[in-house]
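A.B. asks: Quick one: the structure is below, questions incoming.
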Amino acid sequence: MTGPQNDADVKTAVDAPTRRVTGIGRVLIAVYGLLALAATGRSFVQIAESFADAPLSYSLSALAAVVYIVATIALVRSGRGWYRVAWITIGFELLGVLVIGTLSLVDPALFQHKTVWSVFGRGYGFVPLVLPLLGMWWLARRAPGRA
Amino acid sequence: MIEWFTWAQVAVAVGGGLLCIALGLLGRKPTDLSMGAAALVELLLLAQLVVAIVAPFTGNTASGSLLEFYTYLVSALLVPVAAAIWALIERSRWSTVILGAACLAVAVMLYRMLQIWTVQGL
């Protein structure tokens, strides 16, 4: 009785640090999934109802939505390829929120219609600004050698 | 949309969300309590769907975009289900936190739905 149980205990102890990181990572992935859902839903409504009003903003919304979906998938999957995809998509998101966020403040006329990235994602409680940073932190911690 | 019902629903979703996040951070794996909270949120969403379908026939119509309203409602319906499936697959305390996050997300979506239904031009 004690044999397997001890093995399990030892294994748990050894795995513990990594498992905790993956654990928090799970929550991060879930939040990414939520944001992907939110961005997809919003861009679906924008495009279905009034695409002609603001093709630039709404195309950008759709692009953002696709990138969030890909980022979510990349975070779930393991392997070097997906790891790289995760970095690219999350980097793209950070770039997007910084560039569009700044532009929407400097030249509001350019983005009169809201995108997920306007004013650094204020419409989404600044989650779009914070999430890429958390994502990068998590990716850096589980570099391919360790993953 | 029935305003008091929606507010009650938001309260349940926020309460359930905070409860699940607290339980998760305390290290609890998903239990009947946390799964039940998410199930209750889902059940109320189904009731909301029925209300949304019936309400226009009683003269209680949406002031905003119905398409946007239903996009929120359908998305919201998916969220607790996805979190619950996750909790069944991976029985860790983080799944409990995710159940809580799902409930809170539903609360925010309900608030947006109420805005779409009642006040426009925000």
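Labels for the structure tokens follow display order: chains A, B, ..., residues from 1 in each chain, ligands from 1.
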Residues of stretch 16-83 of chain A within 12 Å of stretch 107-111 of chain A: nearest atom pair and distance (Å, one decimal) for each, counting only C-alpha atoms, sorted by chain and number, as a Markdown table?

C.D. replies:
```
| residue | atom | partner | partner_atom | distance |
| --- | --- | --- | --- | --- |
| A:Asp53 | CA | A:Phe111 | CA | 11.3 |
| A:Ala54 | CA | A:Phe111 | CA | 8.4 |
| A:Pro55 | CA | A:Phe111 | CA | 10.4 |
| A:Leu56 | CA | A:Phe111 | CA | 8.2 |
| A:Ser57 | CA | A:Phe111 | CA | 6.3 |
| A:Tyr58 | CA | A:Phe111 | CA | 9.8 |
| A:Ser59 | CA | A:Phe111 | CA | 11.8 |
| A:Leu60 | CA | A:Phe111 | CA | 10.3 |
| A:Ser61 | CA | A:Phe111 | CA | 11.3 |
```

A.B. asks: Need the shell around B:Met1: protein/DNA/RNA residues with any atom at most 7 Å away, counting only C-alpha atoms. Skip same-chain ones fewer than 2 positions apart. Format as a list of chain:residue names?

C.D. replies: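 Skipping anything fewer than 2 positions along the chain leaves B:Glu3, B:Val51, B:Ala52, B:Ala55, B:Asn60, B:Trp117.
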
A.B. asks: Considering only C-alpha atoms, can you say which of A:Phe51, A:Tyr124, A:Trp87, A:Trp137 comes closest to A:Thr72?

C.D. replies: A:Trp87

A.B. asks: Taking 3 positions as the minimum chain separation for residues in the same chain, which residues sit within 6 Å of A:Leu94 when counting only C-alpha atoms? Answer as a PDB file with C-alpha atoms, in the first residue's frame.

C.D. replies:
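This is the output file result39.pdb:
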```
ATOM      1  CA  GLY A  91       3.569  40.445 -29.089  1.00  0.00           C
ATOM      2  CA  VAL A  97      -2.954  47.955 -27.855  1.00  0.00           C
ATOM      3  CA  PRO A 132      -0.211  40.525 -23.070  1.00  0.00           C
TER       4      PRO A 132
END
```

A.B. asks: Nearest to chain B: which of A:Gly123, A:Ala64, A:Ile100, A:Leu134 is it, counting only C-alpha atoms?

C.D. replies: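 Smallest distance to chain B is found for A:Gly123.
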
A.B. asks: Output the contact residues of chain B with respect to chain A at a cut-off of 9 Å, based on only C-alpha atoms, as a list of chain:residue names.

C.D. replies: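 Taking only C-alpha atoms into account, B:Ser65, B:Leu67, B:Glu68, B:Thr71, B:Tyr72, B:Ser75, B:Val79, B:Ala83, B:Ser92, B:Arg93, B:Trp94, B:Ser95, B:Val97, B:Ile98, B:Ala101, B:Ala102, B:Ala105 sit within 9 Å of chain A.
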
A.B. asks: If you keep C-alpha atoms, can you produce a file of those selected residues as a compact mmCIF listing (two decimals), in the first residue's frame?

C.D. replies:
```txt
# COMPACT_ATOMS: atom_id res chain seq x y z
CA SER B 65 -29.68 46.34 -30.92
CA LEU B 67 -28.44 41.34 -32.49
CA GLU B 68 -25.93 42.69 -29.99
CA THR B 71 -24.69 37.88 -29.15
CA TYR B 72 -24.03 38.67 -25.50
CA SER B 75 -21.85 34.00 -25.48
CA VAL B 79 -19.12 30.63 -20.57
CA ALA B 83 -15.70 26.49 -17.33
CA SER B 92 -7.31 21.35 -9.69
CA ARG B 93 -7.91 24.40 -7.53
CA TRP B 94 -7.27 26.63 -10.55
CA SER B 95 -10.35 25.15 -12.17
CA VAL B 97 -10.78 29.95 -9.81
CA ILE B 98 -11.76 29.64 -13.48
CA ALA B 101 -13.88 34.06 -13.30
CA ALA B 102 -16.59 32.66 -15.58
CA ALA B 105 -17.64 37.49 -16.69
```
